[in-house]
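Below is one structure, written out as structure tokens; comments come after it.
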Amino acid sequence: MNSKPVAIITGASRGIGRAISLRLASEGYDIAGIARTPDSDCMLSLQAETEKQGVDFFPVGLDVAHTDLHDEAISSILEHFGRIDVLVNNAGIAPIERKDLLDLDEETYDRVLAVNLRGPVFLARRVAREMIWMKDQVKDYKPSIMFVTSFLAYTSFSNAVEVCLSKAALSMAALVFADRLTEEGINVYEIRPGLIKTELTSRSKYKFDKLIAEGLVPQKRWGTPDDVAKAVASLARGDWSFSTGTVFEVSGGLNIISI
Ligand SMILES: NC(=O)c1ccc[n+]([C@@H]2O[C@H](COP(=O)([O-])OP(=O)(O)OC[C@H]3O[C@@H](n4cnc5c(N)ncnc54)[C@H](OP(=O)(O)O)[C@@H]3O)[C@@H](O)[C@H]2O)c1
């Protein structure tokens, strides 16, 4: 069994997931990085960067929406490392074409819900079962599961209703997993990013640049992927070990409603 703790990060290839992988690597974790294409240039460069720090980076090709393939993916991670200490359910998508609520189509709705909600829920279920078994096998075991949701869990965006619904439901999933898993010694957290500069938000960059400058974000800047990664690292480290079931906002105050 691996002597170092192991973190699984979904959506590791770029953006927030990449920053989380690098942070946890620098905190002494070995990494199982999940993305749809395990040998993409992004994944290979992440692997090279983490390996320079002496980290064992194990790339896993998985579309998280394909719940029938979760078992194989988790089994391969266990075969490689023998343990899982942290799961960060980070992978998420927005519709390729932003459509008005009144033009919502079923295919896009199903795809976004499958990636953003169904995938993370069943992956958490699969990993939680392993963690419950592992707690008697691994010395000083401090497992945690994290769900990356969004400010869209509580903010209406009528051009991305699929994202709003998936993230609001994922927020409840985090709470229910926390409720069930606390007795098993597994802490569960929700991390809610605000506007973070990544490929996901690049399409709306100019719109959000303007809104941020006008004060939409009280701290008046875009978030960086590393802002989110620092929160994840702090939670994984156990700095907030008495706070299971908590929502961590990483949004520069976007959550503040001011009158
Ligand atoms: N950026 C923001 O402002 C913001 C705000 C709130 C919440 N979030 C949330 O933060 C998370 C990360 O967002 P991001 O901005 O970093 O997005 P991103 O830059 O688009 O990266 C998304 C990551 O998810 C992976 N991915 C996409 N679909 C996948 C699938 N079906 N199965 C497995 N992996 C998949 C992508 O890898 P491949 O394409 O290589 O598979 C990529 O690594 C998402 O859950 C998002 O909803 C982001």
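Residues are named by chain letter and number: chains run A, B, ... in the order of the structure tokens, numbers start at 1 in each chain, and ligands are numbered from 1 in the order shown.
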
Per DSSP on the backbone, filter range 15-74 of chain A down to the residues in strand (DSSP E) and report them as a list in words.
->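 Here is the list: Asp30, Ile31, Ala32, Gly33, Ile34, Ala35, Phe57, Phe58, Pro59, Val60 and Gly61 of chain A.
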
Using the selection just defined, write its residues with all heavy atoms as a PDB file, in the first residue's frame.
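The resulting out-v3.pdb:
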```
ATOM      1  N   ASP A  30       0.027  11.784  -3.422  1.00  0.00           N
ATOM      2  CA  ASP A  30       0.098  11.222  -4.759  1.00  0.00           C
ATOM      3  C   ASP A  30      -1.280  11.427  -5.385  1.00  0.00           C
ATOM      4  O   ASP A  30      -2.300  11.525  -4.671  1.00  0.00           O
ATOM      5  CB  ASP A  30       0.486   9.741  -4.704  1.00  0.00           C
ATOM      6  CG  ASP A  30       1.986   9.562  -4.476  1.00  0.00           C
ATOM      7  OD1 ASP A  30       2.757  10.475  -4.839  1.00  0.00           O
ATOM      8  OD2 ASP A  30       2.391   8.519  -3.921  1.00  0.00           O
ATOM      9  N   ILE A  31      -1.300  11.507  -6.716  1.00  0.00           N
ATOM     10  CA  ILE A  31      -2.511  11.989  -7.385  1.00  0.00           C
ATOM     11  C   ILE A  31      -3.029  11.004  -8.424  1.00  0.00           C
ATOM     12  O   ILE A  31      -2.260  10.544  -9.281  1.00  0.00           O
ATOM     13  CB  ILE A  31      -2.229  13.337  -8.133  1.00  0.00           C
ATOM     14  CG1 ILE A  31      -1.589  14.388  -7.198  1.00  0.00           C
ATOM     15  CG2 ILE A  31      -3.484  13.872  -8.815  1.00  0.00           C
ATOM     16  CD1 ILE A  31      -2.508  14.960  -6.147  1.00  0.00           C
ATOM     17  N   ALA A  32      -4.328  10.715  -8.362  1.00  0.00           N
ATOM     18  CA  ALA A  32      -5.012  10.050  -9.474  1.00  0.00           C
ATOM     19  C   ALA A  32      -5.832  11.134 -10.156  1.00  0.00           C
ATOM     20  O   ALA A  32      -6.794  11.657  -9.577  1.00  0.00           O
ATOM     21  CB  ALA A  32      -5.908   8.928  -8.949  1.00  0.00           C
ATOM     22  N   GLY A  33      -5.407  11.519 -11.348  1.00  0.00           N
ATOM     23  CA  GLY A  33      -6.074  12.614 -12.064  1.00  0.00           C
ATOM     24  C   GLY A  33      -7.017  12.054 -13.112  1.00  0.00           C
ATOM     25  O   GLY A  33      -6.604  11.289 -13.983  1.00  0.00           O
ATOM     26  N   ILE A  34      -8.289  12.434 -12.995  1.00  0.00           N
ATOM     27  CA  ILE A  34      -9.298  11.935 -13.949  1.00  0.00           C
ATOM     28  C   ILE A  34      -9.639  13.018 -14.969  1.00  0.00           C
ATOM     29  O   ILE A  34      -9.887  14.169 -14.610  1.00  0.00           O
ATOM     30  CB  ILE A  34     -10.582  11.485 -13.195  1.00  0.00           C
ATOM     31  CG1 ILE A  34     -10.285  10.255 -12.338  1.00  0.00           C
ATOM     32  CG2 ILE A  34     -11.730  11.229 -14.174  1.00  0.00           C
ATOM     33  CD1 ILE A  34     -11.478   9.727 -11.544  1.00  0.00           C
ATOM     34  N   ALA A  35      -9.644  12.622 -16.239  1.00  0.00           N
ATOM     35  CA  ALA A  35     -10.163  13.470 -17.324  1.00  0.00           C
ATOM     36  C   ALA A  35     -10.591  12.519 -18.433  1.00  0.00           C
ATOM     37  O   ALA A  35     -10.272  11.324 -18.390  1.00  0.00           O
ATOM     38  CB  ALA A  35      -9.097  14.445 -17.812  1.00  0.00           C
ATOM     39  N   PHE A  57       1.923  10.422 -10.202  1.00  0.00           N
ATOM     40  CA  PHE A  57       0.692  10.910 -10.835  1.00  0.00           C
ATOM     41  C   PHE A  57       0.150   9.803 -11.735  1.00  0.00           C
ATOM     42  O   PHE A  57       0.817   9.357 -12.657  1.00  0.00           O
ATOM     43  CB  PHE A  57       0.987  12.159 -11.679  1.00  0.00           C
ATOM     44  CG  PHE A  57      -0.249  12.732 -12.320  1.00  0.00           C
ATOM     45  CD1 PHE A  57      -1.010  13.697 -11.664  1.00  0.00           C
ATOM     46  CD2 PHE A  57      -0.672  12.314 -13.578  1.00  0.00           C
ATOM     47  CE1 PHE A  57      -2.162  14.216 -12.249  1.00  0.00           C
ATOM     48  CE2 PHE A  57      -1.824  12.825 -14.164  1.00  0.00           C
ATOM     49  CZ  PHE A  57      -2.556  13.783 -13.503  1.00  0.00           C
ATOM     50  N   PHE A  58      -1.088   9.383 -11.446  1.00  0.00           N
ATOM     51  CA  PHE A  58      -1.697   8.278 -12.195  1.00  0.00           C
ATOM     52  C   PHE A  58      -2.862   8.833 -13.011  1.00  0.00           C
ATOM     53  O   PHE A  58      -3.899   9.202 -12.454  1.00  0.00           O
ATOM     54  CB  PHE A  58      -2.173   7.215 -11.188  1.00  0.00           C
ATOM     55  CG  PHE A  58      -2.742   5.977 -11.803  1.00  0.00           C
ATOM     56  CD1 PHE A  58      -1.972   5.158 -12.623  1.00  0.00           C
ATOM     57  CD2 PHE A  58      -4.059   5.606 -11.564  1.00  0.00           C
ATOM     58  CE1 PHE A  58      -2.499   4.002 -13.183  1.00  0.00           C
ATOM     59  CE2 PHE A  58      -4.600   4.450 -12.119  1.00  0.00           C
ATOM     60  CZ  PHE A  58      -3.819   3.646 -12.934  1.00  0.00           C
ATOM     61  N   PRO A  59      -2.698   8.941 -14.343  1.00  0.00           N
ATOM     62  CA  PRO A  59      -3.779   9.493 -15.155  1.00  0.00           C
ATOM     63  C   PRO A  59      -4.864   8.450 -15.434  1.00  0.00           C
ATOM     64  O   PRO A  59      -4.549   7.307 -15.768  1.00  0.00           O
ATOM     65  CB  PRO A  59      -3.059   9.893 -16.463  1.00  0.00           C
ATOM     66  CG  PRO A  59      -1.822   9.084 -16.508  1.00  0.00           C
ATOM     67  CD  PRO A  59      -1.512   8.563 -15.143  1.00  0.00           C
ATOM     68  N   VAL A  60      -6.098   8.865 -15.275  1.00  0.00           N
ATOM     69  CA  VAL A  60      -7.220   7.940 -15.487  1.00  0.00           C
ATOM     70  C   VAL A  60      -8.180   8.550 -16.505  1.00  0.00           C
ATOM     71  O   VAL A  60      -8.645   9.676 -16.311  1.00  0.00           O
ATOM     72  CB  VAL A  60      -7.981   7.674 -14.155  1.00  0.00           C
ATOM     73  CG1 VAL A  60      -9.148   6.719 -14.376  1.00  0.00           C
ATOM     74  CG2 VAL A  60      -7.040   7.144 -13.090  1.00  0.00           C
ATOM     75  N   GLY A  61      -8.462   7.809 -17.565  1.00  0.00           N
ATOM     76  CA  GLY A  61      -9.420   8.281 -18.567  1.00  0.00           C
ATOM     77  C   GLY A  61     -10.822   7.852 -18.188  1.00  0.00           C
ATOM     78  O   GLY A  61     -11.112   6.659 -18.121  1.00  0.00           O
TER      79      GLY A  61
END
```

Could you write out, as number ranges by chain, all the residues of range 11-202 of chain A that DSSP marks as alpha helix (DSSP H)?
-> A: 15-26, 41-52, 70-81, 106-113, 119-134, 161-181, 199-202

Using only C-alpha atoms and all ligand atoms, which protein or nucleic acid residues are at most 8 Å from ligand 1, as a ChimeraX atom specification?
-> /A:10-18,34-38,40,42-43,61-66,89-94,115-116,148-152,163,167,192-201,223,225

Can I get the selected residues back with N, CA and C atoms, as a compact mmCIF listing (two decimals), in the first residue's frame?
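Result file follows (again18.txt):
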```
# COMPACT_ATOMS: atom_id res chain seq x y z
N THR A 10 -11.20 14.81 -10.10
CA THR A 10 -11.85 14.71 -11.42
C THR A 10 -11.71 16.06 -12.12
N GLY A 11 -11.62 16.01 -13.44
CA GLY A 11 -11.41 17.25 -14.19
C GLY A 11 -10.04 17.83 -13.91
N ALA A 12 -9.04 16.93 -13.87
CA ALA A 12 -7.69 17.35 -13.46
C ALA A 12 -6.93 18.05 -14.59
N SER A 13 -7.38 17.89 -15.82
CA SER A 13 -6.52 18.31 -16.95
C SER A 13 -6.29 19.80 -17.05
N ARG A 14 -7.27 20.60 -16.60
CA ARG A 14 -7.07 22.06 -16.74
C ARG A 14 -7.89 22.79 -15.68
N GLY A 15 -7.75 24.12 -15.70
CA GLY A 15 -8.57 24.97 -14.84
C GLY A 15 -8.41 24.66 -13.36
N ILE A 16 -9.53 24.61 -12.67
CA ILE A 16 -9.52 24.44 -11.21
C ILE A 16 -8.95 23.07 -10.81
N GLY A 17 -9.29 22.04 -11.57
CA GLY A 17 -8.82 20.69 -11.24
C GLY A 17 -7.31 20.56 -11.35
N ARG A 18 -6.74 21.24 -12.32
CA ARG A 18 -5.28 21.22 -12.47
C ARG A 18 -4.62 21.91 -11.27
N ILE A 34 -8.29 12.43 -12.99
CA ILE A 34 -9.30 11.94 -13.95
C ILE A 34 -9.64 13.02 -14.97
N ALA A 35 -9.64 12.62 -16.24
CA ALA A 35 -10.16 13.47 -17.32
C ALA A 35 -10.59 12.52 -18.43
N ARG A 36 -11.29 13.06 -19.42
CA ARG A 36 -11.79 12.15 -20.46
C ARG A 36 -10.65 11.57 -21.30
N THR A 37 -9.61 12.37 -21.51
CA THR A 37 -8.47 11.88 -22.32
C THR A 37 -7.22 11.88 -21.45
N PRO A 38 -6.79 10.71 -21.01
CA PRO A 38 -5.69 10.66 -20.04
C PRO A 38 -4.33 11.04 -20.62
N SER A 40 -3.83 13.45 -23.04
CA SER A 40 -3.85 14.75 -23.73
C SER A 40 -2.59 15.53 -23.34
N CYS A 42 -2.41 18.38 -22.02
CA CYS A 42 -2.63 18.97 -20.68
C CYS A 42 -2.30 17.96 -19.58
N MET A 43 -2.78 16.72 -19.78
CA MET A 43 -2.55 15.71 -18.73
C MET A 43 -1.06 15.34 -18.68
N GLY A 61 -8.46 7.81 -17.57
CA GLY A 61 -9.42 8.28 -18.57
C GLY A 61 -10.82 7.85 -18.19
N LEU A 62 -11.67 8.82 -17.87
CA LEU A 62 -13.06 8.49 -17.50
C LEU A 62 -13.95 9.68 -17.79
N ASP A 63 -15.04 9.41 -18.47
CA ASP A 63 -16.12 10.40 -18.55
C ASP A 63 -16.99 10.13 -17.32
N VAL A 64 -17.01 11.06 -16.39
CA VAL A 64 -17.69 10.79 -15.11
C VAL A 64 -19.18 10.50 -15.26
N ALA A 65 -19.74 10.94 -16.41
CA ALA A 65 -21.16 10.67 -16.66
C ALA A 65 -21.42 9.18 -16.87
N HIS A 66 -20.38 8.44 -17.26
CA HIS A 66 -20.55 7.01 -17.53
C HIS A 66 -20.38 6.22 -16.23
N ASN A 89 -14.54 15.90 -6.26
CA ASN A 89 -15.47 15.84 -7.40
C ASN A 89 -15.52 17.23 -8.01
N ASN A 90 -14.62 17.47 -8.96
CA ASN A 90 -14.48 18.82 -9.52
C ASN A 90 -15.01 18.94 -10.96
N ALA A 91 -14.91 17.86 -11.74
CA ALA A 91 -15.28 17.96 -13.17
C ALA A 91 -16.70 18.49 -13.31
N GLY A 92 -16.87 19.41 -14.23
CA GLY A 92 -18.20 19.97 -14.47
C GLY A 92 -18.21 20.69 -15.79
N ILE A 93 -19.39 20.82 -16.36
CA ILE A 93 -19.51 21.46 -17.68
C ILE A 93 -20.66 22.47 -17.68
N ALA A 94 -20.63 23.31 -18.70
CA ALA A 94 -21.76 24.20 -18.98
C ALA A 94 -22.21 23.85 -20.40
N VAL A 115 -23.16 14.82 -16.13
CA VAL A 115 -21.75 15.12 -15.77
C VAL A 115 -21.68 15.82 -14.41
N ASN A 116 -22.56 16.79 -14.20
CA ASN A 116 -22.43 17.65 -13.01
C ASN A 116 -23.06 17.06 -11.75
N VAL A 148 -17.26 20.16 -5.71
CA VAL A 148 -17.12 21.53 -6.22
C VAL A 148 -18.44 21.89 -6.89
N THR A 149 -19.16 22.82 -6.28
CA THR A 149 -20.46 23.24 -6.85
C THR A 149 -20.24 24.57 -7.58
N SER A 150 -21.00 25.59 -7.21
CA SER A 150 -20.88 26.87 -7.93
C SER A 150 -21.77 27.91 -7.24
N PHE A 151 -21.46 29.18 -7.50
CA PHE A 151 -22.40 30.24 -7.06
C PHE A 151 -23.74 30.06 -7.77
N LEU A 152 -23.76 29.29 -8.88
CA LEU A 152 -25.02 29.05 -9.58
C LEU A 152 -25.92 28.07 -8.82
N VAL A 163 -27.09 24.16 -15.50
CA VAL A 163 -25.99 24.27 -14.52
C VAL A 163 -26.57 24.64 -13.16
N LYS A 167 -26.08 22.17 -9.97
CA LYS A 167 -25.24 22.61 -8.85
C LYS A 167 -26.05 22.75 -7.55
N ARG A 192 -17.74 26.16 -3.09
CA ARG A 192 -18.54 26.92 -4.04
C ARG A 192 -17.73 28.04 -4.67
N PRO A 193 -17.16 27.80 -5.85
CA PRO A 193 -16.44 28.89 -6.51
C PRO A 193 -17.40 29.95 -7.03
N GLY A 194 -16.86 31.17 -7.09
CA GLY A 194 -17.57 32.26 -7.77
C GLY A 194 -17.07 32.33 -9.20
N LEU A 195 -16.72 33.51 -9.66
CA LEU A 195 -16.23 33.65 -11.04
C LEU A 195 -14.72 33.42 -11.06
N ILE A 196 -14.33 32.31 -11.65
CA ILE A 196 -12.92 31.91 -11.66
C ILE A 196 -12.44 31.92 -13.12
N LYS A 197 -11.27 32.51 -13.32
CA LYS A 197 -10.75 32.63 -14.70
C LYS A 197 -10.22 31.30 -15.20
N THR A 198 -11.01 30.63 -16.03
CA THR A 198 -10.61 29.35 -16.64
C THR A 198 -11.20 29.31 -18.05
N GLU A 199 -10.94 28.20 -18.74
CA GLU A 199 -11.51 28.03 -20.08
C GLU A 199 -13.04 28.08 -20.04
N LEU A 200 -13.60 27.59 -18.94
CA LEU A 200 -15.07 27.54 -18.81
C LEU A 200 -15.69 28.93 -18.89
N THR A 201 -15.02 29.91 -18.31
CA THR A 201 -15.58 31.27 -18.26
C THR A 201 -15.02 32.16 -19.38
N GLY A 223 -11.60 35.33 -9.58
CA GLY A 223 -10.90 34.34 -8.77
C GLY A 223 -9.91 33.58 -9.65
N PRO A 225 -7.83 29.79 -10.30
CA PRO A 225 -7.97 28.38 -9.93
C PRO A 225 -7.27 28.07 -8.61
```

Between A:Asp100, A:Asp56, A:Asp105, A:Asp227, which one has atoms that come closest to Phe81 in chain A, using only C-alpha atoms?
->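 Closest candidate: A:Asp56.
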
Contact residues around Gly28 in chain A with only C-alpha atoms at 12 Å, ignoring same-chain residues under 3 positions, as a list in words = Ser3, Lys4, Pro5, Val6, Ala7, Ser21, Leu22, Arg23, Leu24, Ala25, Ile31, Thr50, Glu51, Gln53, Gly54, Val55, Asp56, Phe57, Asp85, Ala233, Ala236 and Arg237 of chain A

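Counting from CA of Gly185 in chain A, the distance to CA of Ser251 in chain A is 28.8 Å.
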
Within 10 Å of Gln219 in chain A, counting only C-alpha atoms, which residues qualify if same-chain residues fewer than 4 places away don't, as a list in words?
-> Ile212, Ala213, Gly215, Gly223, Ser251, Gly252, Gly253 and Leu254 of chain A

Measuring atom to atom with only C-alpha atoms, identify which of A:Leu69, A:Leu165, A:Ala231, A:Leu102 is nearest to Phe122 in chain A.
->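 The closest residue to Phe122 in chain A is A:Leu69.
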
Mind pulling up the distance from CA of Leu101 in chain A to CA of Thr67 in chain A?
-> 27.7 Å

Which of these, A:Glu190, A:Asp226, A:Glu184, A:Asp39, has the shortest distance to Ala128 in chain A once you count only C-alpha atoms?
->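 Of all the options, A:Glu184 lies closest to Ala128 in chain A.
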
Determine the nearest neighbour of Val161 in chain A from the options A:Tyr206, A:Tyr109, A:Phe147, A:Tyr141, counting only C-alpha atoms.
-> A:Tyr109

Compare A:Glu249, A:Glu162, A:Asp41, A:Glu49 by their minimum atom-to-atom distance to Ala114 in chain A, counting only C-alpha atoms, and give me the closest one.
->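 Using only C-alpha atoms, the shortest distance to Ala114 in chain A belongs to A:Glu162.
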
Kindly give the distance, in Å, that separates CA of Ile191 in chain A and CA of Lys210 in chain A, rounded to a single decimal.
->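 That distance, rounded to one decimal, is 25.1 Å.
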
Counting only C-alpha atoms, what is within 12 Å of Ile132 in chain A, bar same-chain residues fewer than 2 positions away, as a PyMOL selection string?
-> chain A and resi 83-85+124-130+134-138+141-144+180-187

Smallest atom-to-atom distance to Thr155 in chain A: which of A:Leu104, A:Leu113, A:Ile256, A:Leu235, using only C-alpha atoms?
-> A:Ile256

Exercise: Gly245 in chain A partners within 6 Å, only C-alpha atoms, chain neighbours under 4 positions left out, as a CSV table (one decimal) with N, CA and C atoms, in the first residue's frame:
```csv
chain,number,residue,atom,x,y,z
A,175,LEU,N,-24.5,17.7,1.4
A,175,LEU,CA,-25.0,17.7,2.7
A,175,LEU,C,-25.5,16.3,3.1
A,178,ALA,N,-22.5,14.2,3.8
A,178,ALA,CA,-21.9,14.5,5.1
A,178,ALA,C,-22.7,13.9,6.2
A,188,VAL,N,-17.1,15.5,4.8
A,188,VAL,CA,-17.6,15.9,3.4
A,188,VAL,C,-17.8,17.4,3.4
A,189,TYR,N,-17.3,18.0,2.3
A,189,TYR,CA,-17.4,19.5,2.2
A,189,TYR,C,-17.9,19.9,0.8
```
